[in-house]
$ cat target31.cif   # mmCIF, C-alpha atoms, pLDDT in the B column; chains and numbers go by the auth columns
data_final
loop_
_atom_site.group_PDB
_atom_site.id
_atom_site.type_symbol
_atom_site.label_atom_id
_atom_site.label_comp_id
_atom_site.label_asym_id
_atom_site.label_seq_id
_atom_site.Cartn_x
_atom_site.Cartn_y
_atom_site.Cartn_z
_atom_site.B_iso_or_equiv
_atom_site.auth_seq_id
_atom_site.auth_asym_id
ATOM 1 C CA MET A 1 104.443 153.297 92.781 37.00 1 A
ATOM 2 C CA SER A 2 100.776 152.560 92.042 40.00 2 A
ATOM 3 C CA ILE A 3 99.703 150.344 89.151 42.00 3 A
ATOM 4 C CA SER A 4 98.033 153.289 87.431 40.00 4 A
ATOM 5 C CA SER A 5 101.245 155.331 87.730 39.00 5 A
ATOM 6 C CA GLN A 6 103.295 152.496 86.303 39.00 6 A
ATOM 7 C CA LEU A 7 100.938 152.164 83.368 41.00 7 A
ATOM 8 C CA LEU A 8 100.976 155.898 82.729 41.00 8 A
ATOM 9 C CA ILE A 9 104.754 155.718 82.443 39.00 9 A
ATOM 10 C CA LEU A 10 104.482 152.662 80.253 41.00 10 A
ATOM 11 C CA ASN A 11 102.045 154.393 77.939 43.00 11 A
ATOM 12 C CA GLN A 12 104.450 157.300 77.602 39.00 12 A
ATOM 13 C CA THR A 13 107.277 154.992 76.593 39.00 13 A
ATOM 14 C CA LYS A 14 105.248 152.490 74.608 39.00 14 A
ATOM 15 C CA GLY A 15 107.652 152.425 71.683 41.00 15 A
ATOM 16 C CA ASN A 16 110.645 151.538 73.828 41.00 16 A
ATOM 17 C CA ILE A 17 108.755 148.849 75.720 39.00 17 A
ATOM 18 C CA LYS A 18 107.489 147.347 72.497 39.00 18 A
ATOM 19 C CA GLN A 19 111.028 147.079 71.192 40.00 19 A
ATOM 20 C CA ALA A 20 112.435 145.840 74.491 36.00 20 A
ATOM 21 C CA ILE A 21 110.107 142.873 74.858 34.00 21 A
ATOM 22 C CA ASN A 22 109.479 142.233 71.191 35.00 22 A
ATOM 23 C CA LEU A 23 105.752 142.896 71.109 37.00 23 A
ATOM 24 C CA LYS A 24 103.869 143.074 67.857 34.00 24 A
ATOM 25 C CA GLY A 25 101.437 145.973 67.784 37.00 25 A
ATOM 26 C CA VAL A 26 100.216 145.702 71.375 37.00 26 A
ATOM 27 C CA SER A 27 98.868 148.787 73.114 40.00 27 A
ATOM 28 C CA VAL A 28 97.581 149.461 76.613 40.00 28 A
ATOM 29 C CA THR A 29 94.609 151.641 77.466 39.00 29 A
ATOM 30 C CA ASP A 30 94.358 153.461 80.805 35.00 30 A
ATOM 31 C CA GLU A 31 90.736 154.614 80.549 33.00 31 A
ATOM 32 C CA SER A 32 89.625 152.639 83.604 31.00 32 A
ATOM 33 C CA PHE A 33 92.833 152.575 85.634 31.00 33 A
ATOM 34 C CA ALA A 34 91.906 155.454 87.955 32.00 34 A
ATOM 35 C CA ALA A 35 88.590 153.888 88.932 35.00 35 A
ATOM 36 C CA TYR A 36 89.872 150.309 89.005 33.00 36 A
ATOM 37 C CA PRO A 37 93.566 150.331 89.927 35.00 37 A
ATOM 38 C CA ASP A 38 93.657 146.544 90.274 38.00 38 A
ATOM 39 C CA LYS A 39 91.856 145.859 87.020 38.00 39 A
ATOM 40 C CA VAL A 40 93.624 146.215 83.711 39.00 40 A
ATOM 41 C CA ARG A 41 92.162 146.064 80.228 42.00 41 A
ATOM 42 C CA LEU A 42 94.641 145.168 77.503 45.00 42 A
ATOM 43 C CA ILE A 43 93.776 145.817 73.877 41.00 43 A
ATOM 44 C CA PRO A 44 95.851 144.459 70.983 42.00 44 A
ATOM 45 C CA ASN A 45 96.293 147.052 68.262 39.00 45 A
ATOM 46 C CA GLY A 46 93.846 146.462 65.417 39.00 46 A
ATOM 47 C CA GLY A 47 92.201 143.521 67.162 38.00 47 A
ATOM 48 C CA GLY A 48 95.225 141.287 66.722 38.00 48 A
ATOM 49 C CA THR A 49 96.325 138.319 68.794 37.00 49 A
ATOM 50 C CA TYR A 50 96.535 138.685 72.538 37.00 50 A
ATOM 51 C CA GLU A 51 100.173 138.347 73.628 38.00 51 A
ATOM 52 C CA SER A 52 101.270 136.863 76.935 36.00 52 A
ATOM 53 C CA GLN A 53 104.152 139.324 77.253 35.00 53 A
ATOM 54 C CA VAL A 54 101.797 142.190 78.035 38.00 54 A
ATOM 55 C CA ILE A 55 101.631 140.766 81.542 36.00 55 A
ATOM 56 C CA LEU A 56 105.187 142.046 81.952 35.00 56 A
ATOM 57 C CA PHE A 57 103.810 145.573 81.755 38.00 57 A
ATOM 58 C CA ILE A 58 102.747 145.517 85.384 38.00 58 A
ATOM 59 C CA GLU A 59 105.424 143.230 86.757 37.00 59 A
ATOM 60 C CA GLY A 60 103.176 140.467 88.012 43.00 60 A
ATOM 61 C CA ARG A 61 100.708 142.768 89.783 47.00 61 A
ATOM 62 C CA LEU A 62 97.765 142.152 87.469 55.00 62 A
ATOM 63 C CA LYS A 63 94.771 140.967 89.497 72.00 63 A
ATOM 64 C CA SER A 64 91.880 140.877 87.059 76.00 64 A
ATOM 65 C CA LEU A 65 92.169 140.313 83.322 80.00 65 A
ATOM 66 C CA VAL A 66 89.452 141.030 80.752 80.00 66 A
ATOM 67 C CA ILE A 67 90.374 139.488 77.423 82.00 67 A
ATOM 68 C CA PRO A 68 89.544 141.954 74.610 79.00 68 A
ATOM 69 C CA GLU A 69 86.643 141.267 72.251 81.00 69 A
ATOM 70 C CA ASN A 70 87.431 139.205 69.138 81.00 70 A
ATOM 71 C CA THR A 71 90.812 138.154 70.471 82.00 71 A
ATOM 72 C CA VAL A 72 92.345 135.015 68.999 82.00 72 A
ATOM 73 C CA LEU A 73 94.206 133.357 71.844 84.00 73 A
ATOM 74 C CA ARG A 74 97.421 131.495 71.158 83.00 74 A
ATOM 75 C CA PRO A 75 98.778 128.460 73.031 86.00 75 A
ATOM 76 C CA TYR A 76 100.485 129.581 76.257 83.00 76 A
ATOM 77 C CA ALA A 77 99.070 133.099 75.762 81.00 77 A
ATOM 78 C CA CYS A 78 98.718 133.754 79.503 81.00 78 A
ATOM 79 C CA ALA A 79 100.850 130.933 80.906 83.00 79 A
ATOM 80 C CA GLY A 80 102.548 131.669 84.211 81.00 80 A
ATOM 81 C CA SER A 81 100.681 134.925 84.799 78.00 81 A
ATOM 82 C CA SER A 82 99.768 136.095 88.305 76.00 82 A
ATOM 83 C CA PHE A 83 96.186 137.352 87.929 80.00 83 A
ATOM 84 C CA THR A 84 93.471 135.888 90.138 86.00 84 A
ATOM 85 C CA SER A 85 90.509 136.226 87.780 88.00 85 A
ATOM 86 C CA VAL A 86 89.950 136.216 84.042 89.00 86 A
ATOM 87 C CA THR A 87 86.944 137.065 81.888 90.00 87 A
ATOM 88 C CA ILE A 88 86.740 135.600 78.399 92.00 88 A
ATOM 89 C CA PRO A 89 84.179 137.412 76.205 90.00 89 A
ATOM 90 C CA ASN A 90 81.522 135.726 74.089 95.00 90 A
ATOM 91 C CA SER A 91 83.381 136.698 70.913 91.00 91 A
ATOM 92 C CA VAL A 92 86.294 134.370 71.727 92.00 92 A
ATOM 93 C CA THR A 93 85.705 130.953 70.147 95.00 93 A
ATOM 94 C CA ALA A 94 88.518 128.801 71.508 95.00 94 A
ATOM 95 C CA ILE A 95 90.814 128.411 74.501 95.00 95 A
ATOM 96 C CA PRO A 96 93.840 126.676 72.968 92.00 96 A
ATOM 97 C CA SER A 97 96.355 124.398 74.603 94.00 97 A
ATOM 98 C CA SER A 98 98.083 125.637 77.764 92.00 98 A
ATOM 99 C CA THR A 99 96.496 129.105 77.560 90.00 99 A
ATOM 100 C CA PHE A 100 96.412 129.453 81.347 91.00 100 A
ATOM 101 C CA TYR A 101 99.073 126.890 82.177 92.00 101 A
ATOM 102 C CA ALA A 102 100.686 127.384 85.607 90.00 102 A
ATOM 103 C CA CYS A 103 98.618 130.447 86.540 88.00 103 A
ATOM 104 C CA GLY A 104 99.109 129.672 90.197 90.00 104 A
ATOM 105 C CA TYR A 105 96.916 132.451 91.602 89.00 105 A
ATOM 106 C CA LEU A 106 93.941 131.974 89.292 92.00 106 A
ATOM 107 C CA THR A 107 90.750 131.318 91.252 94.00 107 A
ATOM 108 C CA ASP A 108 87.924 132.717 89.127 94.00 108 A
ATOM 109 C CA VAL A 109 87.315 132.049 85.423 95.00 109 A
ATOM 110 C CA SER A 110 84.375 133.353 83.418 96.00 110 A
ATOM 111 C CA ILE A 111 84.171 131.615 80.045 97.00 111 A
ATOM 112 C CA GLY A 112 82.113 133.306 77.342 97.00 112 A
ATOM 113 C CA THR A 113 79.281 131.558 75.538 97.00 113 A
ATOM 114 C CA GLY A 114 81.100 131.666 72.195 97.00 114 A
ATOM 115 C CA VAL A 115 83.850 129.266 73.247 97.00 115 A
ATOM 116 C CA THR A 116 83.426 125.882 71.554 98.00 116 A
ATOM 117 C CA SER A 117 86.659 124.135 72.478 98.00 117 A
ATOM 118 C CA ILE A 118 89.066 124.023 75.407 98.00 118 A
ATOM 119 C CA GLY A 119 92.490 122.678 74.508 97.00 119 A
ATOM 120 C CA GLU A 120 94.970 120.364 76.171 97.00 120 A
ATOM 121 C CA GLU A 121 96.320 121.576 79.516 97.00 121 A
ATOM 122 C CA ALA A 122 94.390 124.840 79.127 97.00 122 A
ATOM 123 C CA PHE A 123 94.131 125.214 82.918 96.00 123 A
ATOM 124 C CA SER A 124 96.794 122.713 83.913 95.00 124 A
ATOM 125 C CA SER A 125 98.810 123.408 87.072 93.00 125 A
ATOM 126 C CA CYS A 126 96.490 126.261 88.168 91.00 126 A
ATOM 127 C CA SER A 127 97.119 125.507 91.823 92.00 127 A
ATOM 128 C CA SER A 128 94.425 127.839 93.208 94.00 128 A
ATOM 129 C CA LEU A 129 91.571 126.930 90.837 94.00 129 A
ATOM 130 C CA ARG A 130 88.750 125.235 92.751 94.00 130 A
ATOM 131 C CA ARG A 131 85.670 125.801 90.577 94.00 131 A
ATOM 132 C CA LEU A 132 85.132 125.781 86.816 96.00 132 A
ATOM 133 C CA VAL A 133 81.861 126.327 84.940 97.00 133 A
ATOM 134 C CA ILE A 134 81.984 125.417 81.246 98.00 134 A
ATOM 135 C CA PRO A 135 79.212 126.906 79.077 98.00 135 A
ATOM 136 C CA ASP A 136 76.787 125.042 76.817 98.00 136 A
ATOM 137 C CA SER A 137 78.704 126.176 73.729 98.00 137 A
ATOM 138 C CA VAL A 138 81.750 124.010 74.483 98.00 138 A
ATOM 139 C CA THR A 139 81.754 120.725 72.556 98.00 139 A
ATOM 140 C CA THR A 140 85.305 119.521 73.216 98.00 140 A
ATOM 141 C CA ILE A 141 87.539 119.489 76.284 98.00 141 A
ATOM 142 C CA GLY A 142 91.128 118.456 75.603 97.00 142 A
ATOM 143 C CA ASP A 143 93.431 116.041 77.406 97.00 143 A
ATOM 144 C CA ASP A 144 94.762 117.152 80.806 96.00 144 A
ATOM 145 C CA CYS A 145 92.616 120.299 80.711 96.00 145 A
ATOM 146 C CA CYS A 146 92.893 120.803 84.474 95.00 146 A
ATOM 147 C CA TYR A 147 95.751 118.408 85.158 90.00 147 A
ATOM 148 C CA PHE A 148 97.268 119.129 88.571 88.00 148 A
ATOM 149 C CA ALA A 149 94.610 121.759 89.281 90.00 149 A
ATOM 150 C CA PRO A 150 92.764 121.035 92.559 90.00 150 A
ATOM 151 C CA VAL A 151 89.310 121.683 91.098 92.00 151 A
ATOM 152 C CA SER A 152 86.574 120.475 93.451 92.00 152 A
ATOM 153 C CA TYR A 153 83.544 121.555 91.385 95.00 153 A
ATOM 154 C CA VAL A 154 83.175 121.249 87.610 96.00 154 A
ATOM 155 C CA GLU A 155 80.007 122.090 85.721 97.00 155 A
ATOM 156 C CA ILE A 156 79.932 121.087 82.052 98.00 156 A
ATOM 157 C CA GLY A 157 77.226 122.431 79.739 98.00 157 A
ATOM 158 C CA THR A 158 74.723 120.762 77.440 98.00 158 A
ATOM 159 C CA GLY A 159 76.811 120.901 74.256 98.00 159 A
ATOM 160 C CA ILE A 160 79.713 118.720 75.320 98.00 160 A
ATOM 161 C CA ASN A 161 80.591 115.816 72.988 98.00 161 A
ATOM 162 C CA THR A 162 84.096 114.798 74.054 98.00 162 A
ATOM 163 C CA ILE A 163 86.085 114.986 77.297 98.00 163 A
ATOM 164 C CA GLY A 164 89.773 114.152 76.979 97.00 164 A
ATOM 165 C CA LYS A 165 92.201 112.046 78.962 96.00 165 A
ATOM 166 C CA ARG A 166 92.701 113.010 82.627 95.00 166 A
ATOM 167 C CA ALA A 167 90.860 116.279 81.934 95.00 167 A
ATOM 168 C CA PHE A 168 89.828 116.703 85.576 94.00 168 A
ATOM 169 C CA ASN A 169 91.905 114.003 87.188 89.00 169 A
ATOM 170 C CA HIS A 170 92.269 115.903 90.452 84.00 170 A
ATOM 171 C CA VAL A 171 88.528 116.010 91.110 84.00 171 A
ATOM 172 C CA TYR A 172 88.818 113.198 93.644 78.00 172 A
ATOM 173 C CA ASN A 173 85.994 113.631 96.137 81.00 173 A
ATOM 174 C CA GLY A 174 84.613 116.701 94.440 91.00 174 A
ATOM 175 C CA THR A 175 81.538 117.285 92.304 95.00 175 A
ATOM 176 C CA VAL A 176 81.122 116.964 88.551 96.00 176 A
ATOM 177 C CA VAL A 177 77.898 118.146 86.903 98.00 177 A
ATOM 178 C CA VAL A 178 77.356 117.198 83.259 98.00 178 A
ATOM 179 C CA LYS A 179 74.227 118.711 81.694 98.00 179 A
ATOM 180 C CA ALA A 180 74.336 117.001 78.280 98.00 180 A
ATOM 181 C CA THR A 181 71.491 114.552 77.698 98.00 181 A
ATOM 182 C CA VAL A 182 73.734 112.383 75.509 98.00 182 A
ATOM 183 C CA PRO A 183 76.786 111.099 77.406 98.00 183 A
ATOM 184 C CA PRO A 184 79.957 112.610 75.930 98.00 184 A
ATOM 185 C CA THR A 185 82.744 110.325 74.803 98.00 185 A
ATOM 186 C CA ILE A 186 85.423 109.771 77.438 97.00 186 A
ATOM 187 C CA PRO A 187 88.578 107.619 77.521 95.00 187 A
ATOM 188 C CA ALA A 188 88.687 104.424 79.516 90.00 188 A
ATOM 189 C CA ALA A 189 90.799 103.807 82.612 85.00 189 A
ATOM 190 C CA PRO A 190 93.526 104.565 83.447 89.00 190 A
ATOM 191 C CA ALA A 191 93.130 107.731 81.365 93.00 191 A
ATOM 192 C CA GLN A 192 89.519 108.447 82.364 92.00 192 A
ATOM 193 C CA PRO A 193 88.819 112.155 82.911 94.00 193 A
ATOM 194 C CA PHE A 194 87.731 112.344 86.554 92.00 194 A
ATOM 195 C CA GLY A 195 89.485 111.353 89.768 84.00 195 A
ATOM 196 C CA GLY A 196 88.670 108.311 91.880 77.00 196 A
ATOM 197 C CA GLN A 197 85.568 109.084 93.923 83.00 197 A
ATOM 198 C CA ALA A 198 84.195 112.150 92.168 90.00 198 A
ATOM 199 C CA LYS A 199 80.443 112.576 92.606 94.00 199 A
ATOM 200 C CA ILE A 200 78.931 112.813 89.131 96.00 200 A
ATOM 201 C CA TYR A 201 75.507 114.377 88.531 98.00 201 A
ATOM 202 C CA VAL A 202 73.723 114.070 85.173 98.00 202 A
ATOM 203 C CA PRO A 203 70.216 114.829 83.838 98.00 203 A
ATOM 204 C CA ASP A 204 67.614 112.802 85.731 98.00 204 A
ATOM 205 C CA ASN A 205 66.242 111.050 82.650 98.00 205 A
ATOM 206 C CA ASN A 206 69.678 110.015 81.434 98.00 206 A
ATOM 207 C CA VAL A 207 71.240 108.393 84.489 98.00 207 A
ATOM 208 C CA LEU A 208 71.035 104.901 82.991 98.00 208 A
ATOM 209 C CA ASP A 209 72.495 106.166 79.703 98.00 209 A
ATOM 210 C CA TYR A 210 75.508 107.532 81.544 98.00 210 A
ATOM 211 C CA GLN A 211 75.947 104.436 83.690 97.00 211 A
ATOM 212 C CA THR A 212 75.995 102.348 80.510 97.00 212 A
ATOM 213 C CA ALA A 213 78.331 104.671 78.604 97.00 213 A
ATOM 214 C CA TRP A 214 80.624 105.281 81.574 96.00 214 A
ATOM 215 C CA PRO A 215 80.808 101.881 83.345 94.00 215 A
ATOM 216 C CA GLY A 216 83.872 102.913 85.336 92.00 216 A
ATOM 217 C CA TYR A 217 81.777 105.571 87.066 94.00 217 A
ATOM 218 C CA ALA A 218 78.464 103.698 87.205 95.00 218 A
ATOM 219 C CA ASP A 219 78.294 103.646 91.003 94.00 219 A
ATOM 220 C CA LEU A 220 79.137 107.344 91.263 94.00 220 A
ATOM 221 C CA ILE A 221 76.534 108.700 88.829 97.00 221 A
ATOM 222 C CA LYS A 222 73.452 110.366 90.323 97.00 222 A
ATOM 223 C CA PRO A 223 70.565 112.485 89.018 98.00 223 A
ATOM 224 C CA ILE A 224 71.036 116.262 89.034 98.00 224 A
ATOM 225 C CA SER A 225 67.924 116.573 91.189 97.00 225 A
ATOM 226 C CA GLN A 226 69.983 115.098 94.045 97.00 226 A
ATOM 227 C CA LEU A 227 72.723 117.700 93.722 95.00 227 A
ATOM 228 C CA PRO A 228 73.140 119.376 97.130 90.00 228 A
ATOM 229 C CA THR A 229 72.168 123.027 97.144 81.00 229 A
#
$ encode --input "target31.cif" --output "structure tokens"
Amino acid sequence: MSISSQLLILNQTKGNIKQAINLKGVSVTDESFAAYPDKVRLIPNGGGTYESQVILFIEGRLKSLVIPENTVLRPYACAGSSFTSVTIPNSVTAIPSSTFYACGYLTDVSIGTGVTSIGEEAFSSCSSLRRLVIPDSVTTIGDDCCYFAPVSYVEIGTGINTIGKRAFNHVYNGTVVVKATVPPTIPAAPAQPFGGQAKIYVPDNNVLDYQTAWPGYADLIKPISQLPT
């Protein structure tokens, strides 16, 4: 049975499904299912909180998730889900702790420019995640953000103030780009945020500032102008 057919059935029996899996006012729209059978848009009734259980609606077959506008994400909201890509709109302001914990198939994340904080273990144990671009709006990245996620490229925007413990500890020989002109606060070893030999690129005029603020990475810090294209 196709995804669109499954969802049509689910829409017809929405009341029973809601009761069966204890949802709170969640509805599913099928306006784009025919054109995009692998893409599902989930809309909480009345703009409420996005619930992780809606993933059960398509029995693990969700490939691409677009978080609804003005959604307030809860901790573990999408934990353990099977989608490969997620789009977070600009109207979302925070990615709380463990939101995408153990999303083993997740490879592509688009974070909206309204997000200001990324919580602890937000992308922890995402075993397929290789690249993460964090927008300028984000000021805080929590502890273990990508713990046990094999990220090889991280780009962190200009607004960052604090990066938590072991945030990107599995970026061993990968690339870290930090665009802030003022070095964000990071914990000291052994809880420092990046793995052993990560190549760290910072604004050209602030290399010395970073080497002073981050002595444990001093030999690994280079100007962004030297970033390979």
$ closest_residue --input "target31.cif" --among "A:Leu106, A:Ser91, A:Phe83, A:Val202" --to "A:Ser137" --atoms "only C-alpha atoms"
A:Ser91
$ closest_residue --input "target31.cif" --among "A:Phe168, A:Phe194, A:Tyr153, A:Tyr101" --to "A:Gly216" --atoms "all atoms listed in the file"
A:Phe194
$ atom_distance --input "target31.cif" --atom1 "atom CA of A:Ser82" --atom2 "atom CA of A:Leu65"
10.0 Å
$ resolve_selection --input "target31.cif" --expression "the PyMOL selection byres ((chain A and resi 226) around 12)" --output "PDB file with C-alpha atoms, in the coordinates of the input"
ATOM      1  CA  THR A 175      81.538 117.285  92.304  1.00 95.00           C
ATOM      2  CA  VAL A 177      77.898 118.146  86.903  1.00 98.00           C
ATOM      3  CA  LYS A 199      80.443 112.576  92.606  1.00 94.00           C
ATOM      4  CA  ILE A 200      78.931 112.813  89.131  1.00 96.00           C
ATOM      5  CA  TYR A 201      75.507 114.377  88.531  1.00 98.00           C
ATOM      6  CA  VAL A 202      73.723 114.070  85.173  1.00 98.00           C
ATOM      7  CA  PRO A 203      70.216 114.829  83.838  1.00 98.00           C
ATOM      8  CA  ASP A 204      67.614 112.802  85.731  1.00 98.00           C
ATOM      9  CA  VAL A 207      71.240 108.393  84.489  1.00 98.00           C
ATOM     10  CA  ILE A 221      76.534 108.700  88.829  1.00 97.00           C
ATOM     11  CA  LYS A 222      73.452 110.366  90.323  1.00 97.00           C
ATOM     12  CA  PRO A 223      70.565 112.485  89.018  1.00 98.00           C
ATOM     13  CA  ILE A 224      71.036 116.262  89.034  1.00 98.00           C
ATOM     14  CA  SER A 225      67.924 116.573  91.189  1.00 97.00           C
ATOM     15  CA  LEU A 227      72.723 117.700  93.722  1.00 95.00           C
ATOM     16  CA  PRO A 228      73.140 119.376  97.130  1.00 90.00           C
ATOM     17  CA  THR A 229      72.168 123.027  97.144  1.00 81.00           C
TER      18      THR A 229
END
$ residues_around --input "target31.cif" --residues "A:Gly142" --least-positions-apart "2" --cutoff "6 Å" --atoms "only C-alpha atoms" --output "list in words"
Ile118, Gly119, Glu120, Cys145 and Gly164 of chain A
$ atom_distance --input "target31.cif" --atom1 "atom CA of A:Thr99" --atom2 "atom CA of A:Ala122"
5.0 Å
$ resolve_selection --input "target31.cif" --expression "the PyMOL selection byres ((chain A and resi 76) around 9)" --output "JSON, numbers by chain"
{"A": [52, 73, 74, 75, 77, 78, 79, 80, 96, 97, 98, 99, 100, 101, 122]}
$ atom_distance --input "target31.cif" --atom1 "atom CA of A:Asn90" --atom2 "atom CA of A:Val72"
12.0 Å
$ closest_residue --input "target31.cif" --among "A:Ser128, A:Thr185, A:Thr140, A:Ser81" --to "A:Ile95" --atoms "only C-alpha atoms"
A:Thr140
$ residues_around --input "target31.cif" --residues "A:Val115" --least-positions-apart "5" --cutoff "6 Å" --atoms "all atoms listed in the file" --output "MDAnalysis selection string"
chainID A and resid 92:94 138
$ resolve_selection --input "target31.cif" --expression "the PyMOL selection byres ((chain A and resi 162) around 12)" --output "MDAnalysis selection string"
chainID A and resid 116:119 138:143 156:161 163:165 167 178 180 182:187 192:193
$ closest_residue --input "target31.cif" --among "A:Cys126, A:Gly196, A:Cys146, A:Ala188" --to "A:Ala213" --atoms "all atoms listed in the file"
A:Ala188
$ closest_residue --input "target31.cif" --among "A:Ala189, A:Ile134, A:Ala198, A:Ala149" --to "A:Pro215" --atoms "only C-alpha atoms"
A:Ala189
$ residues_near_point --input "target31.cif" --point "(86.1, 126.5, 84.7)" --cutoff "7 Å" --atoms "all atoms listed in the file" --output "list in words"
Val109, Arg131, Leu132, Val133, Ile134 and Val154 of chain A
$ build_atoms --input "target31.cif" --residues "stretch 128-146 of chain A" --atoms "N, CA and C atoms" --output "compact mmCIF listing (two decimals), keeping the file's coordinate frame"
# COMPACT_ATOMS: atom_id res chain seq x y z
N SER A 128 95.45 127.22 92.36
CA SER A 128 94.42 127.84 93.21
C SER A 128 93.01 127.67 92.66
N LEU A 129 92.88 127.05 91.49
CA LEU A 129 91.57 126.93 90.84
C LEU A 129 90.76 125.83 91.50
N ARG A 130 89.61 126.19 92.05
CA ARG A 130 88.75 125.24 92.75
C ARG A 130 87.42 124.98 92.04
N ARG A 131 86.99 125.89 91.19
CA ARG A 131 85.67 125.80 90.58
C ARG A 131 85.76 126.23 89.11
N LEU A 132 85.11 125.45 88.23
CA LEU A 132 85.13 125.78 86.82
C LEU A 132 83.77 125.47 86.21
N VAL A 133 83.16 126.49 85.61
CA VAL A 133 81.86 126.33 84.94
C VAL A 133 82.09 126.49 83.45
N ILE A 134 81.76 125.45 82.68
CA ILE A 134 81.98 125.42 81.25
C ILE A 134 80.65 125.59 80.54
N PRO A 135 80.52 126.59 79.67
CA PRO A 135 79.21 126.91 79.08
C PRO A 135 78.72 125.85 78.08
N ASP A 136 77.43 125.98 77.73
CA ASP A 136 76.79 125.04 76.82
C ASP A 136 77.44 125.02 75.44
N SER A 137 78.11 126.08 75.06
CA SER A 137 78.70 126.18 73.73
C SER A 137 79.89 125.25 73.52
N VAL A 138 80.53 124.83 74.59
CA VAL A 138 81.75 124.01 74.48
C VAL A 138 81.39 122.58 74.10
N THR A 139 82.00 122.09 73.02
CA THR A 139 81.75 120.72 72.56
C THR A 139 82.91 119.78 72.87
N THR A 140 84.12 120.35 73.03
CA THR A 140 85.30 119.52 73.22
C THR A 140 86.18 120.06 74.34
N ILE A 141 86.59 119.16 75.22
CA ILE A 141 87.54 119.49 76.28
C ILE A 141 88.76 118.60 76.08
N GLY A 142 89.93 119.20 75.95
CA GLY A 142 91.13 118.46 75.60
C GLY A 142 91.74 117.67 76.75
N ASP A 143 92.71 116.84 76.42
CA ASP A 143 93.43 116.04 77.41
C ASP A 143 94.08 116.94 78.46
N ASP A 144 94.05 116.48 79.71
CA ASP A 144 94.76 117.15 80.81
C ASP A 144 94.34 118.61 80.98
N CYS A 145 93.10 118.92 80.65
CA CYS A 145 92.62 120.30 80.71
C CYS A 145 92.93 120.96 82.05
N CYS A 146 92.63 120.26 83.13
CA CYS A 146 92.89 120.80 84.47
C CYS A 146 93.85 119.90 85.24
